[in-house]
Structure formats: structure tokens, C-alpha cells
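Structure first, commentary second.
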Amino acid sequence: MTENRRETEKIYETDGLTFVFDAEVLSCDARKDGLFDVVLDRTAFFPGGGGQDPDTGFIDGARVSGMRQNGGEIVHVADRAFGKGSKVTGKVDAEKRLWRMENHTGEHIFSGVVHNVFALENVGFHLGDEYVTIDTSGPLTLADVEKAEALTNEVIRRNEKIEILFPEKDELAKMTYRSKKELEGRVRIVRIGDTDMCACCAPHLPSTGMAGYFTVLAFMPYKGGTRLYALSGSGAVKETRSRLNALKTASETLSVKPCDVPAAIDRVLAENAAREQERVALLTELLELKIAAATASTTAPTTAARNVPGSGYRAVFCEQADMRTLNRVGEKHKEGALFFLAVAGPAGKRKYVMKSERIDLKKAAPAINEILGGRGGGSAREISGSASVESEEQLFEAAERIAERFRQ
Ligand SMILES: [Zn+2]
């Protein structure tokens, strides 16, 4: 273990834009996982906190994959050892850090605006790799979100300076800022003009303009408040472009202007619903005709039994039918018959449904499955499953066998 712990000079606290720095190795300890805990006299690597993940990067050639804070000391987890006292160059993954700073700064501005305009607190913040989530202490409407988003972008366009303050204890007690709680030791305040004052340990951009653009992607009620999904900077631009592309495709497909896409979708859905109604009506008519034809058929002596009230059955074979319509038609035709049996669906994917008020289908299911060459089950009054029935003739043969077996 390292003997005398000392405070690491934290470059990121006051300067978020230094990604390459020179430092001296104060200690290097081997870890159980084969990696090394490296402590430098100064670092630009942010160890994580305030909703923001730790930085990654390199110390000379060694990859820094993890970070830890040990009191005032910052520990870098590196994949090779360094001699104590050696001079090294650290390189923070700048692209990742910039992405995070843009989004963290955007979040501060937005949370400040929401605090000032709607008197709501940010009660949960997470800076992920794909978007940011912000939870507010009370509900926000669409109009509120649009207003807060517009005001946030105004602050960004004004390119206001972002100040980092380390106030003395008595000075701090008099200050009004977000995230005010009993904090141990020195408190770091991030001030964005009149928009926001917040206690935060994470690196920030030097001015609001660098956040570029802030946008709320989605929001929903969450624990009595609102959860917002947002992006700033390059992430916001990229996501906006991809959403515009999606809208462009939809507008071209529907042959309407982008703004008219929602109305066009409503129209298409209404047309589909009407068509579906028409389809079900036609299908029902077809099923009724098929059942009537089968009942009137006299081609085989036994089929006459289909027509005998109470002892006959009703069977229908229809490749185009769907189970819902069959069920509805079956409910009507099971009445006054020994059973109603329908086989539907394309070859290889045939399904059957059987209803009866006279046969205990739950008990009869194994025998019926065997006759239909399928598998299935259900209740005493209704069973369904797969069937390997190739034609109407085959169905009638099977129905006849079932009727013979279960007719009393
Ligand atoms: Zn913060």
C-alpha cells in the first residue's frame, strides 16, 4: 500500500478541455486481477460522479480502463506497471469526454431553467452512452417541455461563461444553489450566468455555446414527476438527423409533407380498420355458405347426419379463415349440434377449433387429436390445436369418425 496519501491535482475540476497532460507517478500497486492501481501527482482523468461515468484513455501506452477516488487521491486502473517517480503523459479519451460534457452542461442549463420557470427540482440524472435521462420533482406538460427546451437553447446561443467556484464555508452557507445538501469538505459550484448554480464534481465546458444544441427526445410521467430523455451537442445533431431521415422516408412513402405524416398515418389506419371489417364480413359469409353447403350435401349416406338436429355436426374447412372469426361463427353453429369443427390456415400450418355442448372435449381431446393428426387441448366445451388435414373431404371423413365415436 501507498504510505503517504496526498491530494491529486485535479485538472478537470477547473479545466474541462485539457485531455493530454504530463504527470509524475506517485505510486503503482499490482491488483489481484492483473491490472495496476496508478496514482499520479496530477490528472485530467475524471473518476466519475454526479451522474457521469469515469473517463477512459491511456497513460503512456497503458490503457486506463477504470478509475477510483480514495479521499482526495485519484486512482487510475492501468494495464501495465510504472516505476515510482517516472514521468508519464496521460491522454483522456477526448471524444467520449466531450460528448459527456456537452450533455452534462446541457442538463445543467435545462435543470436550471426548469427550476427557475416551473419551481421543479431535478431529482434524478443519468448520463448514459446514448442519451441522458432527467427526472423532475413534478409533472411537465408538452408546452412546459417545449418552453424549457427553447429557453435552454437561448442560453446556449448566448454563449455564457461557465464558472467553477470553490466558496468558503460561510460564503457557501449564504448561497442558493441546486443539490444543496450537507457535503463533507470543499464544495464545488458550477455557475451558468443567472440560469443555474449547482454543486457538481464533474468536468464542464467553459461556455454554454459549446453545448451547441439541446433537445428533448421523449418524456413520460414518472414517480409523480416527469422523466425526460434528452441530448445535447453532437449527439443531439446526430439523433435529429436520423429522426429527420426517418420522417423523410415516411413522408415519401405516404406522399405527404413531413408535417402531415401523423394525419396520413391516421388515415391509413382508419382505411385498414374499414378493410378489416369488410374482410371479416366476407369471411363470415363464406364460412356460412360452406357450412350450409356441407349440411345440405347428400353425396355420402352418413353426411346426412350432419343435418340431423342434435345428433349431426357442423364442419367447415377454410384456408383463409382466422381463428377469431372461426370462433365467432363456431359459437353460433355449435348450438343444436353434436359439435362444431373447423380447420383453417395454409397447408403445413393448419389449425383446428372444436366446440361442443354435448361431448366432454377435454376428455375426448387425445382421440380427436389422433383422428385430426395434430396436437391440442383446452376445456370441456372447446379445444383447439394443430391438424394435418389436407382437404375438405379429409375433414368430413375425420368429422364422421369423431361423430361415430362420440355420438350416444
Ligand atoms: Zn452536474
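Labels for the C-alpha cells follow display order: chains A, B, ..., residues from 1 in each chain, ligands from 1.
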
- Protein and nucleic residues near ligand 1, 12 Å, only C-alpha atoms and all ligand atoms, as number ranges by chain: A: 13, 48-53, 100-112, 122, 124-127, 134, 164, 177-179, 188-192, 196-205

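Omitting segment 56-59 of chain A and its sequence neighbours fewer than 6 positions away, and counting only C-alpha atoms, the residues within 8 Å are Phe45, Ser65, Gly66, Ala78, Val88, Thr89, Gly90, Lys91, Val92 and Asp93 of chain A.
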
With N, CA, C and O atoms retained, export the selected residues as a PDB file, in the first residue's frame.
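Written output follows (selection18.pdb):
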ATOM      1  N   PHE A  45      -7.952  12.906 -15.825  1.00  0.00           N
ATOM      2  CA  PHE A  45      -8.957  11.826 -15.842  1.00  0.00           C
ATOM      3  C   PHE A  45      -9.994  12.079 -14.752  1.00  0.00           C
ATOM      4  O   PHE A  45      -9.662  12.144 -13.573  1.00  0.00           O
ATOM      5  N   SER A  65      -8.637   1.676 -17.839  1.00  0.00           N
ATOM      6  CA  SER A  65      -9.989   1.133 -18.031  1.00  0.00           C
ATOM      7  C   SER A  65     -10.906   1.414 -16.856  1.00  0.00           C
ATOM      8  O   SER A  65     -12.111   1.207 -16.942  1.00  0.00           O
ATOM      9  N   GLY A  66     -10.348   1.891 -15.754  1.00  0.00           N
ATOM     10  CA  GLY A  66     -11.188   2.157 -14.583  1.00  0.00           C
ATOM     11  C   GLY A  66     -10.594   3.279 -13.749  1.00  0.00           C
ATOM     12  O   GLY A  66      -9.417   3.632 -13.904  1.00  0.00           O
ATOM     13  N   ALA A  78      -4.695   0.755 -14.607  1.00  0.00           N
ATOM     14  CA  ALA A  78      -3.992   0.654 -15.888  1.00  0.00           C
ATOM     15  C   ALA A  78      -3.538  -0.777 -16.139  1.00  0.00           C
ATOM     16  O   ALA A  78      -3.433  -1.576 -15.208  1.00  0.00           O
ATOM     17  N   VAL A  88       5.236  10.595 -16.950  1.00  0.00           N
ATOM     18  CA  VAL A  88       4.336   9.991 -17.941  1.00  0.00           C
ATOM     19  C   VAL A  88       3.458  11.067 -18.604  1.00  0.00           C
ATOM     20  O   VAL A  88       3.356  12.185 -18.119  1.00  0.00           O
ATOM     21  N   THR A  89       2.843  10.662 -19.727  1.00  0.00           N
ATOM     22  CA  THR A  89       1.868  11.529 -20.389  1.00  0.00           C
ATOM     23  C   THR A  89       0.515  10.831 -20.381  1.00  0.00           C
ATOM     24  O   THR A  89       0.398   9.681 -20.818  1.00  0.00           O
ATOM     25  N   GLY A  90      -0.471  11.511 -19.864  1.00  0.00           N
ATOM     26  CA  GLY A  90      -1.827  10.943 -19.835  1.00  0.00           C
ATOM     27  C   GLY A  90      -2.641  11.478 -21.002  1.00  0.00           C
ATOM     28  O   GLY A  90      -2.491  12.635 -21.400  1.00  0.00           O
ATOM     29  N   LYS A  91      -3.473  10.599 -21.576  1.00  0.00           N
ATOM     30  CA  LYS A  91      -4.347  11.015 -22.688  1.00  0.00           C
ATOM     31  C   LYS A  91      -5.760  10.518 -22.414  1.00  0.00           C
ATOM     32  O   LYS A  91      -6.031   9.322 -22.459  1.00  0.00           O
ATOM     33  N   VAL A  92      -6.648  11.464 -22.143  1.00  0.00           N
ATOM     34  CA  VAL A  92      -8.047  11.120 -21.884  1.00  0.00           C
ATOM     35  C   VAL A  92      -8.753  10.911 -23.232  1.00  0.00           C
ATOM     36  O   VAL A  92      -8.463  11.617 -24.192  1.00  0.00           O
ATOM     37  N   ASP A  93      -9.649   9.929 -23.294  1.00  0.00           N
ATOM     38  CA  ASP A  93     -10.463   9.742 -24.499  1.00  0.00           C
ATOM     39  C   ASP A  93     -11.329  11.002 -24.672  1.00  0.00           C
ATOM     40  O   ASP A  93     -12.379  11.149 -24.054  1.00  0.00           O
TER      41      ASP A  93
END

- Message: Give me, as a PyMOL selection string, all polymer residues having an atom no more than 7 Å from Leu140 of chain A, counting only C-alpha atoms and skipping those fewer than 4 positions away in the same chain.
- Response: chain A and resi 144-145+226

Would you mind exporting the chosen residues as a PDB file, in the first residue's frame, restricted to N, CA, C and O atoms?
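As written to disk, part_11.pdb reads:
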ATOM      1  N   ASP A 144     -44.803  22.884 -21.438  1.00  0.00           N
ATOM      2  CA  ASP A 144     -43.724  23.183 -20.472  1.00  0.00           C
ATOM      3  C   ASP A 144     -42.379  22.710 -21.031  1.00  0.00           C
ATOM      4  O   ASP A 144     -41.381  23.427 -20.963  1.00  0.00           O
ATOM      5  N   VAL A 145     -42.378  21.488 -21.556  1.00  0.00           N
ATOM      6  CA  VAL A 145     -41.133  20.899 -22.068  1.00  0.00           C
ATOM      7  C   VAL A 145     -40.618  21.738 -23.252  1.00  0.00           C
ATOM      8  O   VAL A 145     -39.430  22.057 -23.331  1.00  0.00           O
ATOM      9  N   THR A 226     -41.770  13.913 -14.052  1.00  0.00           N
ATOM     10  CA  THR A 226     -41.592  13.605 -15.469  1.00  0.00           C
ATOM     11  C   THR A 226     -40.189  13.070 -15.699  1.00  0.00           C
ATOM     12  O   THR A 226     -39.237  13.585 -15.129  1.00  0.00           O
TER      13      THR A 226
END

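The list of residues with at least one atom within 9 Å of Glu149 of chain A, based on only C-alpha atoms and without residues fewer than 3 positions apart in the same chain, reads Phe110, Val113, Asp144, Val145, Glu146, Thr152, Asn153, Glu154, Phe214, Thr215 and Val216 of chain A.
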
Filtering to N, CA and C atoms, could you give me those residues as a tab-separated table (two decimals), in the first residue's frame?
chain	number	residue	atom	x	y	z
A	110	PHE	N	-30.78	23.08	-18.65
A	110	PHE	CA	-32.18	22.69	-18.67
A	110	PHE	C	-32.74	22.59	-17.25
A	113	VAL	N	-33.25	26.00	-15.85
A	113	VAL	CA	-34.44	26.62	-16.44
A	113	VAL	C	-35.71	26.05	-15.79
A	144	ASP	N	-44.80	22.88	-21.44
A	144	ASP	CA	-43.72	23.18	-20.47
A	144	ASP	C	-42.38	22.71	-21.03
A	145	VAL	N	-42.38	21.49	-21.56
A	145	VAL	CA	-41.13	20.90	-22.07
A	145	VAL	C	-40.62	21.74	-23.25
A	146	GLU	N	-41.53	22.12	-24.14
A	146	GLU	CA	-41.13	22.92	-25.31
A	146	GLU	C	-40.57	24.27	-24.86
A	152	THR	N	-33.53	26.79	-22.87
A	152	THR	CA	-32.21	26.16	-22.75
A	152	THR	C	-31.37	26.51	-23.99
A	153	ASN	N	-31.97	26.42	-25.16
A	153	ASN	CA	-31.24	26.74	-26.40
A	153	ASN	C	-30.90	28.23	-26.49
A	154	GLU	N	-31.73	29.08	-25.87
A	154	GLU	CA	-31.40	30.52	-25.84
A	154	GLU	C	-30.12	30.74	-25.03
A	214	PHE	N	-29.64	21.71	-27.64
A	214	PHE	CA	-30.24	20.80	-26.66
A	214	PHE	C	-31.61	20.37	-27.16
A	215	THR	N	-31.91	19.08	-27.08
A	215	THR	CA	-33.25	18.64	-27.49
A	215	THR	C	-33.78	17.52	-26.59
A	216	VAL	N	-35.07	17.61	-26.28
A	216	VAL	CA	-35.75	16.55	-25.53
A	216	VAL	C	-36.28	15.56	-26.56

- Item | Within 12 Å of Ala250 of chain A using only C-alpha atoms, minus same-chain residues under 3 positions, as a list of chain:residue names |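 After dropping sequence-adjacent residues, the list is A:Arg243, A:Leu244, A:Asn245, A:Ala246, A:Leu247, A:Thr253, A:Leu254, A:Ser255, A:Val256, A:Lys257, A:Pro258, A:Cys259, A:Asp260, A:Val261, A:Pro262, A:Ala263, A:Ala264, A:Ile265.
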
- Query: How would you write, as a PyMOL selection string, the set of residues in segment 309-376 of chain A that DSSP gives as helix (DSSP H, G or I)?
  - Reply: chain A and resi 323-333+361-372

- Query: Near Lys351 of chain A, counting only C-alpha atoms, which residues have an atom at most 12 Å away, once you skip same-chain residues fewer than 6 positions from it, shown as a ChimeraX atom specification?
  - Reply: /A:317-323,326,341-345,369,372-377,383-390,395

- Item | Distance of atom CA of Asp266 of chain A from atom CA of Lys147 of chain A, expressed in Å to one decimal place |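 Computed distance, atom CA of Lys147 of chain A to atom CA of Asp266 of chain A, equals 27.5 Å.
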
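Using only C-alpha atoms, the nearest neighbour of Tyr222 of chain A within the list A:Ala398, A:Leu98, A:Val123, A:Val77 is A:Val123.
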
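Closest approach to Ala315 of chain A among A:Ser356, A:Gln69, A:Thr133, A:Thr249 is made by A:Ser356 (distances from only C-alpha atoms).
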
Just list the residues in segment 19-232 of chain A DSSP gives strand (DSSP E) on the backbone, as an mmCIF file with C-alpha atoms, in the first residue's frame.
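Saved to states_35.cif:
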data_model
loop_
_atom_site.group_PDB
_atom_site.id
_atom_site.type_symbol
_atom_site.label_atom_id
_atom_site.label_comp_id
_atom_site.auth_asym_id
_atom_site.auth_seq_id
_atom_site.Cartn_x
_atom_site.Cartn_y
_atom_site.Cartn_z
ATOM 1 C CA VAL A 20 -3.366 15.496 -22.653
ATOM 2 C CA PHE A 21 -1.190 16.169 -19.615
ATOM 3 C CA ASP A 22 2.234 15.417 -18.105
ATOM 4 C CA ALA A 23 2.464 13.919 -14.628
ATOM 5 C CA GLU A 24 4.689 12.021 -12.250
ATOM 6 C CA VAL A 25 3.887 8.537 -10.911
ATOM 7 C CA LEU A 26 3.496 8.655 -7.121
ATOM 8 C CA SER A 27 2.644 5.008 -6.634
ATOM 9 C CA CYS A 28 1.832 1.867 -8.586
ATOM 10 C CA ASP A 29 0.324 -1.202 -6.897
ATOM 11 C CA ALA A 30 -0.396 -4.594 -8.511
ATOM 12 C CA PHE A 36 -2.331 -1.882 -11.641
ATOM 13 C CA ASP A 37 -3.539 0.953 -9.408
ATOM 14 C CA VAL A 38 -1.610 4.025 -10.559
ATOM 15 C CA VAL A 39 -1.581 7.304 -8.631
ATOM 16 C CA LEU A 40 -0.203 10.430 -10.319
ATOM 17 C CA ARG A 42 -1.927 15.427 -11.228
ATOM 18 C CA THR A 43 -4.589 14.134 -13.606
ATOM 19 C CA GLY A 57 -7.817 6.667 -22.073
ATOM 20 C CA PHE A 58 -4.090 5.983 -21.839
ATOM 21 C CA ILE A 59 -1.136 6.685 -19.561
ATOM 22 C CA ALA A 62 -1.082 1.679 -20.896
ATOM 23 C CA ARG A 63 -4.832 1.529 -21.226
ATOM 24 C CA VAL A 64 -6.789 3.150 -18.391
ATOM 25 C CA SER A 65 -9.989 1.133 -18.031
ATOM 26 C CA GLY A 66 -11.188 2.157 -14.583
ATOM 27 C CA MET A 67 -10.970 4.964 -12.035
ATOM 28 C CA ARG A 68 -11.469 5.287 -8.312
ATOM 29 C CA GLN A 69 -11.415 8.117 -5.804
ATOM 30 C CA ASN A 70 -9.727 7.471 -2.482
ATOM 31 C CA GLU A 73 -6.418 10.808 -4.214
ATOM 32 C CA ILE A 74 -7.382 9.679 -7.746
ATOM 33 C CA VAL A 75 -6.536 6.086 -8.670
ATOM 34 C CA HIS A 76 -6.191 5.021 -12.331
ATOM 35 C CA VAL A 77 -6.585 1.324 -13.166
ATOM 36 C CA ALA A 78 -3.992 0.654 -15.888
ATOM 37 C CA LYS A 87 7.364 10.928 -15.849
ATOM 38 C CA VAL A 88 4.336 9.991 -17.941
ATOM 39 C CA THR A 89 1.868 11.529 -20.389
ATOM 40 C CA GLY A 90 -1.827 10.943 -19.835
ATOM 41 C CA LYS A 91 -4.347 11.015 -22.688
ATOM 42 C CA VAL A 92 -8.047 11.120 -21.884
ATOM 43 C CA ASN A 122 -34.017 17.614 -10.954
ATOM 44 C CA VAL A 123 -34.340 14.562 -8.675
ATOM 45 C CA GLY A 124 -32.547 12.038 -10.888
ATOM 46 C CA PHE A 125 -29.921 12.381 -13.605
ATOM 47 C CA HIS A 126 -28.171 9.717 -15.615
ATOM 48 C CA LEU A 127 -25.699 10.354 -18.383
ATOM 49 C CA VAL A 132 -29.424 11.473 -20.886
ATOM 50 C CA THR A 133 -32.330 10.976 -18.511
ATOM 51 C CA ILE A 134 -33.570 13.765 -16.269
ATOM 52 C CA ASP A 135 -36.291 13.189 -13.639
ATOM 53 C CA THR A 136 -38.219 16.209 -12.360
ATOM 54 C CA ILE A 162 -19.487 28.671 -17.155
ATOM 55 C CA GLU A 163 -17.734 29.437 -13.874
ATOM 56 C CA ILE A 164 -16.318 26.995 -11.374
ATOM 57 C CA LEU A 165 -16.350 28.283 -7.781
ATOM 58 C CA ILE A 189 -20.151 25.113 -7.532
ATOM 59 C CA VAL A 190 -20.860 25.266 -11.269
ATOM 60 C CA ARG A 191 -22.423 28.624 -12.168
ATOM 61 C CA ILE A 192 -24.048 29.364 -15.531
ATOM 62 C CA ASP A 196 -28.011 27.872 -12.846
ATOM 63 C CA MET A 197 -25.960 27.350 -9.727
ATOM 64 C CA CYS A 198 -25.334 23.738 -8.855
ATOM 65 C CA ALA A 199 -22.990 21.741 -6.626
ATOM 66 C CA PHE A 214 -30.245 20.797 -26.661
ATOM 67 C CA THR A 215 -33.246 18.638 -27.487
ATOM 68 C CA VAL A 216 -35.748 16.546 -25.530
ATOM 69 C CA LEU A 217 -36.257 13.279 -27.419
ATOM 70 C CA ALA A 218 -39.129 11.947 -25.323
ATOM 71 C CA PHE A 219 -40.756 12.351 -21.919
ATOM 72 C CA MET A 220 -43.266 10.485 -19.781
ATOM 73 C CA PRO A 221 -44.844 10.556 -16.319
ATOM 74 C CA TYR A 222 -42.501 9.073 -13.757
ATOM 75 C CA GLY A 225 -42.881 13.853 -11.929
ATOM 76 C CA THR A 226 -41.592 13.605 -15.469
ATOM 77 C CA ARG A 227 -38.751 11.533 -16.927
ATOM 78 C CA LEU A 228 -37.126 13.239 -19.895
ATOM 79 C CA TYR A 229 -34.773 11.707 -22.450
ATOM 80 C CA ALA A 230 -32.523 14.395 -23.846
ATOM 81 C CA LEU A 231 -29.387 15.044 -25.874
ATOM 82 C CA SER A 232 -27.034 17.982 -26.387
#

- Task: For atom CA of Lys362 of chain A and atom CA of Gly378 of chain A, quote the distance in Å rounded to one decimal.
- Result: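 Between these atoms lies a distance of 6.2 Å.
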
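Note that the spacing between atom CA of Gly61 of chain A and atom CA of Gly16 of chain A amounts to 22.6 Å.
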